[in-house]
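Undergrad: Mind having a look at this structure? Questions to follow.
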Amino acid sequence: MAGASDDRIEKQDRITRVRHAVGADAIVLTSHEAVSWYLEGVRTHVSLAGPPVLAVRAEAHGDVLFIADNEADRLIAEELLPEDAERVVRVPWWIPPAIAAAERPGAAEAAVASQLRAARAQMMPAERARYRSLGRETAETLSDVFGRVDPAQTERAVAAVIAAELIARGIDPLVVLVAGSRRGGFRHPLPTSGVLGDRAMVVVCGRRDGLIANATRWIGASVDEEPLLGVERTFLDASVPGARLDAVFEAGIAAYARFGFDADEWRRHHQGGPTGYAGRDPRATASTVDLLVENQAFAWNPTASGLKVEDTMLRTAEGWEVLTVDERWPSVEYAGLRRPVARAYGS
């Protein structure tokens, strides 16, 4: 990976600062997001629903990787950097790597969760390049699939094609939601045997190199999306480096009433927040006090009944860069950003 070694040195420095701040001999990384971030995007799973097959002790004298013995050869051959392969401790398959890594004194990941989020919030050049590629290919997948669907197809059939197209691009389909016209009021519509009908929504969260791209698209009948774009823009305008996440959340939810929605609309679904190596890192609420930084990724997703807007974006020194973008998808300009609108069938 271009730039991976430089990125890794910076990540080691960030973890060292966390370790010093809490006075710990080591930081024990055990989650998918922390381990994949630290090890430059390695695939940490076998089952998408299972725990990571490796854990990391970041110690003063270097990193130690604890890997399930039946996974070690594959990870060394296909996933790990050469310098990491030399620091592997093989763990019997019946012992979780996280438990083996925690046998000696050190700070558990849960004890320093907020510090670790801050450590990975600002993305480095190689990460941003990988994220741009992932975002573009995720958006292209949706364009390709929706270019050949019709209203009579079932939600499950469309979800199957989306998942297959993502996998073909090396993207793990962590979430694929589809809602036909009869289910447009559901915020997390797991696919069913129902048909798409005259208006349908799809939501995807695709992971590659540890990073997760989040996007929502609509097909079929158009509706007035401008009010919800106004709510999204409020979240974006408040998401500036140095702002606190709870303040951004409060600004965004207050915009619902201002743009003609029920003032309590925000209570019916989460609003998104920072993203990257977790779908939301963290999900924004009135009690999330993380400080925002430059070159941080976000996926805000304001919703109302039958309406939702969502893309993965990077906040840079120049402003907002939409990562999940494909020029083939119809869009409108709103407050200086091209935002997707519903695509007609057959277009």
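Please note that chains go A, B, ... in the order of the structure tokens, that every chain numbers its residues from 1, and that ligands are numbered from 1 in the order shown.
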So which residues touch Val112 in chain A within 12 Å, counting only C-alpha atoms, skipping near sequence neighbours fewer than 5 positions away, as an MDAnalysis selection string?

TA: chainID A and resid 15 17:24 26:30 34 106:107 117:119

Undergrad: Once DSSP has gone over the backbone, tell me which residues of range 64-275 of chain A are in strand (DSSP E), as an NGL selection string.

TA: :A and (64-68 or 88-91 or 107-108 or 172-179 or 199-208 or 211-220 or 272-274)

Undergrad: Based on the selection just made, write N, CA and C atoms of those residues as a compact mmCIF listing (two decimals), in the first residue's frame.

TA:
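Okay, again_7.txt is ready:
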# COMPACT_ATOMS: atom_id res chain seq x y z
N VAL A 64 2.68 -6.36 19.42
CA VAL A 64 2.60 -7.81 19.42
C VAL A 64 1.22 -8.19 18.92
N LEU A 65 1.19 -9.07 17.90
CA LEU A 65 -0.07 -9.48 17.29
C LEU A 65 -0.43 -10.88 17.76
N PHE A 66 -1.60 -11.02 18.34
CA PHE A 66 -2.10 -12.31 18.80
C PHE A 66 -3.13 -12.79 17.78
N ILE A 67 -2.82 -13.91 17.12
CA ILE A 67 -3.65 -14.38 16.01
C ILE A 67 -4.02 -15.83 16.23
N ALA A 68 -5.28 -16.16 15.97
CA ALA A 68 -5.71 -17.55 16.03
C ALA A 68 -4.82 -18.39 15.12
N VAL A 88 4.19 -11.91 15.44
CA VAL A 88 2.96 -12.68 15.63
C VAL A 88 3.13 -13.70 16.75
N VAL A 89 2.15 -13.76 17.62
CA VAL A 89 2.03 -14.83 18.62
C VAL A 89 0.83 -15.67 18.21
N ARG A 90 1.06 -16.93 17.94
CA ARG A 90 -0.02 -17.83 17.53
C ARG A 90 -0.79 -18.30 18.77
N VAL A 91 -2.09 -18.20 18.68
CA VAL A 91 -2.97 -18.54 19.80
C VAL A 91 -3.80 -19.76 19.41
N ALA A 107 -4.11 -1.36 29.20
CA ALA A 107 -5.42 -0.73 29.14
C ALA A 107 -6.29 -1.43 28.10
N ALA A 108 -7.44 -1.93 28.53
CA ALA A 108 -8.38 -2.54 27.59
C ALA A 108 -8.96 -1.47 26.67
N ASP A 172 -17.02 -5.73 1.28
CA ASP A 172 -17.91 -6.53 2.12
C ASP A 172 -19.25 -5.82 2.26
N PRO A 173 -20.38 -6.47 1.90
CA PRO A 173 -21.69 -5.83 2.06
C PRO A 173 -22.18 -5.96 3.50
N LEU A 174 -21.73 -5.04 4.35
CA LEU A 174 -22.12 -5.11 5.76
C LEU A 174 -23.60 -4.86 5.95
N VAL A 175 -24.15 -3.93 5.19
CA VAL A 175 -25.58 -3.60 5.26
C VAL A 175 -26.10 -3.42 3.85
N VAL A 176 -27.20 -4.10 3.52
CA VAL A 176 -27.93 -3.85 2.28
C VAL A 176 -29.41 -3.84 2.64
N LEU A 177 -30.00 -2.67 2.61
CA LEU A 177 -31.42 -2.50 2.93
C LEU A 177 -32.16 -2.08 1.68
N VAL A 178 -33.36 -2.61 1.49
CA VAL A 178 -34.18 -2.23 0.34
C VAL A 178 -35.63 -2.09 0.81
N ALA A 179 -36.25 -0.97 0.44
CA ALA A 179 -37.65 -0.73 0.76
C ALA A 179 -38.41 -0.39 -0.51
N ARG A 199 -41.74 3.60 -6.16
CA ARG A 199 -40.65 4.34 -5.52
C ARG A 199 -39.96 3.41 -4.51
N ALA A 200 -38.64 3.34 -4.57
CA ALA A 200 -37.91 2.42 -3.72
C ALA A 200 -36.62 3.05 -3.23
N MET A 201 -36.18 2.57 -2.06
CA MET A 201 -34.95 3.06 -1.46
C MET A 201 -33.99 1.90 -1.22
N VAL A 202 -32.69 2.15 -1.39
CA VAL A 202 -31.67 1.19 -1.02
C VAL A 202 -30.63 1.90 -0.16
N VAL A 203 -30.16 1.20 0.85
CA VAL A 203 -29.11 1.70 1.74
C VAL A 203 -27.99 0.67 1.76
N VAL A 204 -26.76 1.11 1.58
CA VAL A 204 -25.63 0.19 1.65
C VAL A 204 -24.56 0.74 2.58
N CYS A 205 -23.91 -0.18 3.27
CA CYS A 205 -22.68 0.09 4.02
C CYS A 205 -21.68 -0.95 3.55
N GLY A 206 -20.69 -0.53 2.79
CA GLY A 206 -19.71 -1.44 2.21
C GLY A 206 -18.34 -1.22 2.80
N ARG A 207 -17.65 -2.31 3.16
CA ARG A 207 -16.33 -2.19 3.81
C ARG A 207 -15.23 -2.78 2.94
N ARG A 208 -14.16 -2.03 2.81
CA ARG A 208 -12.94 -2.51 2.15
C ARG A 208 -11.75 -1.80 2.80
N LEU A 211 -12.27 0.33 5.91
CA LEU A 211 -13.09 1.54 5.83
C LEU A 211 -14.50 1.20 5.36
N ILE A 212 -15.47 1.99 5.80
CA ILE A 212 -16.87 1.72 5.49
C ILE A 212 -17.46 2.92 4.75
N ALA A 213 -18.02 2.64 3.57
CA ALA A 213 -18.73 3.65 2.79
C ALA A 213 -20.23 3.47 3.01
N ASN A 214 -20.91 4.56 3.31
CA ASN A 214 -22.35 4.55 3.59
C ASN A 214 -23.07 5.42 2.56
N ALA A 215 -24.15 4.89 1.98
CA ALA A 215 -24.88 5.67 0.98
C ALA A 215 -26.32 5.21 0.90
N THR A 216 -27.21 6.15 0.57
CA THR A 216 -28.63 5.86 0.34
C THR A 216 -29.02 6.42 -1.02
N ARG A 217 -29.81 5.65 -1.77
CA ARG A 217 -30.30 6.09 -3.07
C ARG A 217 -31.78 5.73 -3.22
N TRP A 218 -32.48 6.53 -4.03
CA TRP A 218 -33.90 6.31 -4.34
C TRP A 218 -34.07 6.14 -5.84
N ILE A 219 -35.06 5.33 -6.20
CA ILE A 219 -35.40 5.14 -7.61
C ILE A 219 -36.91 5.20 -7.76
N GLY A 220 -37.34 5.74 -8.90
CA GLY A 220 -38.77 5.82 -9.17
C GLY A 220 -39.31 7.22 -9.03
N GLY A 272 -26.80 9.80 12.17
CA GLY A 272 -25.49 9.57 11.60
C GLY A 272 -24.40 10.19 12.44
N GLY A 273 -23.31 10.60 11.79
CA GLY A 273 -22.18 11.19 12.50
C GLY A 273 -20.87 10.86 11.82
N PRO A 274 -19.75 10.96 12.54
CA PRO A 274 -18.46 10.58 11.97
C PRO A 274 -18.47 9.11 11.55

Undergrad: Mind giving me the straight-line distance from CA of Trp300 in chain A to CA of Glu232 in chain A in Å, one decimal?

TA: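 Separation between CA of Trp300 in chain A and CA of Glu232 in chain A: 6.9 Å.
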
Undergrad: With only C-alpha atoms as the counted atoms, please give the residues lying no more than 12 Å from Glu226 in chain A, apart from itself and same-chain residues fewer than 2 positions off, as a PDB file with N, CA and C atoms, in the first residue's frame.

TA:
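That gives us result_35.pdb:
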ATOM      1  N   SER A 222     -40.368  10.850  -8.080  1.00  0.00           N
ATOM      2  CA  SER A 222     -39.636  11.902  -7.387  1.00  0.00           C
ATOM      3  C   SER A 222     -40.549  12.599  -6.379  1.00  0.00           C
ATOM      4  N   VAL A 223     -39.949  13.126  -5.337  1.00  0.00           N
ATOM      5  CA  VAL A 223     -40.657  13.921  -4.340  1.00  0.00           C
ATOM      6  C   VAL A 223     -39.809  15.164  -4.069  1.00  0.00           C
ATOM      7  N   ASP A 224     -40.347  16.071  -3.294  1.00  0.00           N
ATOM      8  CA  ASP A 224     -39.599  17.286  -2.962  1.00  0.00           C
ATOM      9  C   ASP A 224     -38.567  16.947  -1.890  1.00  0.00           C
ATOM     10  N   LEU A 228     -35.295  18.247   3.157  1.00  0.00           N
ATOM     11  CA  LEU A 228     -34.384  17.357   3.872  1.00  0.00           C
ATOM     12  C   LEU A 228     -32.930  17.686   3.553  1.00  0.00           C
ATOM     13  N   LEU A 229     -32.664  18.153   2.335  1.00  0.00           N
ATOM     14  CA  LEU A 229     -31.313  18.605   2.016  1.00  0.00           C
ATOM     15  C   LEU A 229     -30.930  19.806   2.878  1.00  0.00           C
ATOM     16  N   GLY A 230     -31.921  20.607   3.237  1.00  0.00           N
ATOM     17  CA  GLY A 230     -31.653  21.721   4.138  1.00  0.00           C
ATOM     18  C   GLY A 230     -31.250  21.252   5.525  1.00  0.00           C
ATOM     19  N   VAL A 231     -31.892  20.187   6.008  1.00  0.00           N
ATOM     20  CA  VAL A 231     -31.511  19.625   7.297  1.00  0.00           C
ATOM     21  C   VAL A 231     -30.096  19.063   7.222  1.00  0.00           C
ATOM     22  N   GLU A 232     -29.814  18.310   6.135  1.00  0.00           N
ATOM     23  CA  GLU A 232     -28.466  17.758   5.974  1.00  0.00           C
ATOM     24  C   GLU A 232     -27.429  18.877   5.942  1.00  0.00           C
ATOM     25  N   ARG A 233     -27.732  19.952   5.218  1.00  0.00           N
ATOM     26  CA  ARG A 233     -26.766  21.032   5.095  1.00  0.00           C
ATOM     27  C   ARG A 233     -26.489  21.683   6.460  1.00  0.00           C
ATOM     28  N   PHE A 259     -37.246  23.571   8.584  1.00  0.00           N
ATOM     29  CA  PHE A 259     -37.493  23.206   7.189  1.00  0.00           C
ATOM     30  C   PHE A 259     -38.838  22.507   6.994  1.00  0.00           C
ATOM     31  N   GLY A 260     -39.752  22.674   7.945  1.00  0.00           N
ATOM     32  CA  GLY A 260     -41.130  22.246   7.750  1.00  0.00           C
ATOM     33  C   GLY A 260     -41.482  20.867   8.242  1.00  0.00           C
ATOM     34  N   PHE A 261     -40.579  20.180   8.922  1.00  0.00           N
ATOM     35  CA  PHE A 261     -40.860  18.859   9.468  1.00  0.00           C
ATOM     36  C   PHE A 261     -41.342  18.974  10.910  1.00  0.00           C
ATOM     37  N   LEU A 307     -38.418   9.619   3.128  1.00  0.00           N
ATOM     38  CA  LEU A 307     -37.317  10.473   2.698  1.00  0.00           C
ATOM     39  C   LEU A 307     -36.055  10.120   3.481  1.00  0.00           C
ATOM     40  N   LYS A 308     -34.937  10.144   2.813  1.00  0.00           N
ATOM     41  CA  LYS A 308     -33.661   9.987   3.485  1.00  0.00           C
ATOM     42  C   LYS A 308     -32.563  10.450   2.535  1.00  0.00           C
ATOM     43  N   VAL A 309     -31.522  11.058   3.089  1.00  0.00           N
ATOM     44  CA  VAL A 309     -30.358  11.422   2.296  1.00  0.00           C
ATOM     45  C   VAL A 309     -29.128  10.982   3.078  1.00  0.00           C
ATOM     46  N   SER A 331     -28.533  14.400 -10.015  1.00  0.00           N
ATOM     47  CA  SER A 331     -28.295  15.180  -8.813  1.00  0.00           C
ATOM     48  C   SER A 331     -28.752  16.614  -9.022  1.00  0.00           C
ATOM     49  N   VAL A 332     -28.824  17.333  -7.917  1.00  0.00           N
ATOM     50  CA  VAL A 332     -29.097  18.765  -7.956  1.00  0.00           C
ATOM     51  C   VAL A 332     -28.001  19.450  -7.139  1.00  0.00           C
ATOM     52  N   GLU A 333     -27.784  20.722  -7.393  1.00  0.00           N
ATOM     53  CA  GLU A 333     -26.853  21.476  -6.573  1.00  0.00           C
ATOM     54  C   GLU A 333     -27.615  22.126  -5.443  1.00  0.00           C
ATOM     55  N   TYR A 334     -27.154  21.879  -4.236  1.00  0.00           N
ATOM     56  CA  TYR A 334     -27.782  22.500  -3.068  1.00  0.00           C
ATOM     57  C   TYR A 334     -26.672  23.080  -2.193  1.00  0.00           C
ATOM     58  N   ALA A 335     -26.700  24.374  -2.015  1.00  0.00           N
ATOM     59  CA  ALA A 335     -25.724  25.076  -1.176  1.00  0.00           C
ATOM     60  C   ALA A 335     -24.292  24.710  -1.560  1.00  0.00           C
ATOM     61  N   ARG A 339     -26.025  16.945  -4.811  1.00  0.00           N
ATOM     62  CA  ARG A 339     -26.669  15.955  -3.957  1.00  0.00           C
ATOM     63  C   ARG A 339     -27.578  15.065  -4.803  1.00  0.00           C
ATOM     64  N   PRO A 340     -27.612  13.754  -4.535  1.00  0.00           N
ATOM     65  CA  PRO A 340     -28.385  12.830  -5.360  1.00  0.00           C
ATOM     66  C   PRO A 340     -29.887  13.011  -5.165  1.00  0.00           C
ATOM     67  N   VAL A 341     -30.617  12.782  -6.249  1.00  0.00           N
ATOM     68  CA  VAL A 341     -32.086  12.792  -6.206  1.00  0.00           C
ATOM     69  C   VAL A 341     -32.576  11.461  -6.760  1.00  0.00           C
ATOM     70  N   ALA A 342     -33.885  11.235  -6.665  1.00  0.00           N
ATOM     71  CA  ALA A 342     -34.448   9.972  -7.151  1.00  0.00           C
ATOM     72  C   ALA A 342     -34.186   9.808  -8.645  1.00  0.00           C
TER      73      ALA A 342
END

Undergrad: Point out the residue among A:Asp209, A:Glu155, A:Glu127, A:Asp281 with the least atom-to-atom distance to Gly194 in chain A, counting only C-alpha atoms.

TA: A:Glu155

Undergrad: Excluding same-chain residues fewer than 2 positions from Asp150 in chain A, what lies within 10 Å of it counting only C-alpha atoms, as a PyMOL selection string?

TA: chain A and resi 146-148+152-154+158+195-198+219-220+344-346

Undergrad: Write the residues of the selection above to a file with C-alpha atoms, as a PDB file, in the first residue's frame.

TA:
ATOM      1  CA  PHE A 146     -30.299   0.639 -10.529  1.00  0.00           C
ATOM      2  CA  GLY A 147     -29.709   1.117 -14.246  1.00  0.00           C
ATOM      3  CA  ARG A 148     -31.258  -2.290 -14.888  1.00  0.00           C
ATOM      4  CA  ALA A 152     -41.734  -5.623 -10.555  1.00  0.00           C
ATOM      5  CA  GLN A 153     -38.506  -6.926  -9.043  1.00  0.00           C
ATOM      6  CA  THR A 154     -38.471  -7.970  -5.416  1.00  0.00           C
ATOM      7  CA  VAL A 158     -32.246  -6.339  -5.888  1.00  0.00           C
ATOM      8  CA  VAL A 195     -41.730  -5.630  -5.036  1.00  0.00           C
ATOM      9  CA  LEU A 196     -40.077  -2.269  -5.578  1.00  0.00           C
ATOM     10  CA  GLY A 197     -43.159  -0.543  -6.921  1.00  0.00           C
ATOM     11  CA  ASP A 198     -43.239   3.073  -8.038  1.00  0.00           C
ATOM     12  CA  ILE A 219     -35.398   5.143  -7.611  1.00  0.00           C
ATOM     13  CA  GLY A 220     -38.771   5.816  -9.173  1.00  0.00           C
ATOM     14  CA  ALA A 344     -36.339   7.336 -12.830  1.00  0.00           C
ATOM     15  CA  TYR A 345     -36.703   3.688 -13.810  1.00  0.00           C
ATOM     16  CA  GLY A 346     -34.971   2.926 -17.077  1.00  0.00           C
TER      17      GLY A 346
END

Undergrad: When you draw a straight line from CA of Glu265 in chain A to CA of Gly135 in chain A, how long is it in Å?

TA: 28.4 Å

Undergrad: Could you state the separation of CA of Pro191 in chain A and CA of Tyr131 in chain A in Å, given to one decimal place?

TA: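 It comes out at 26.9 Å.
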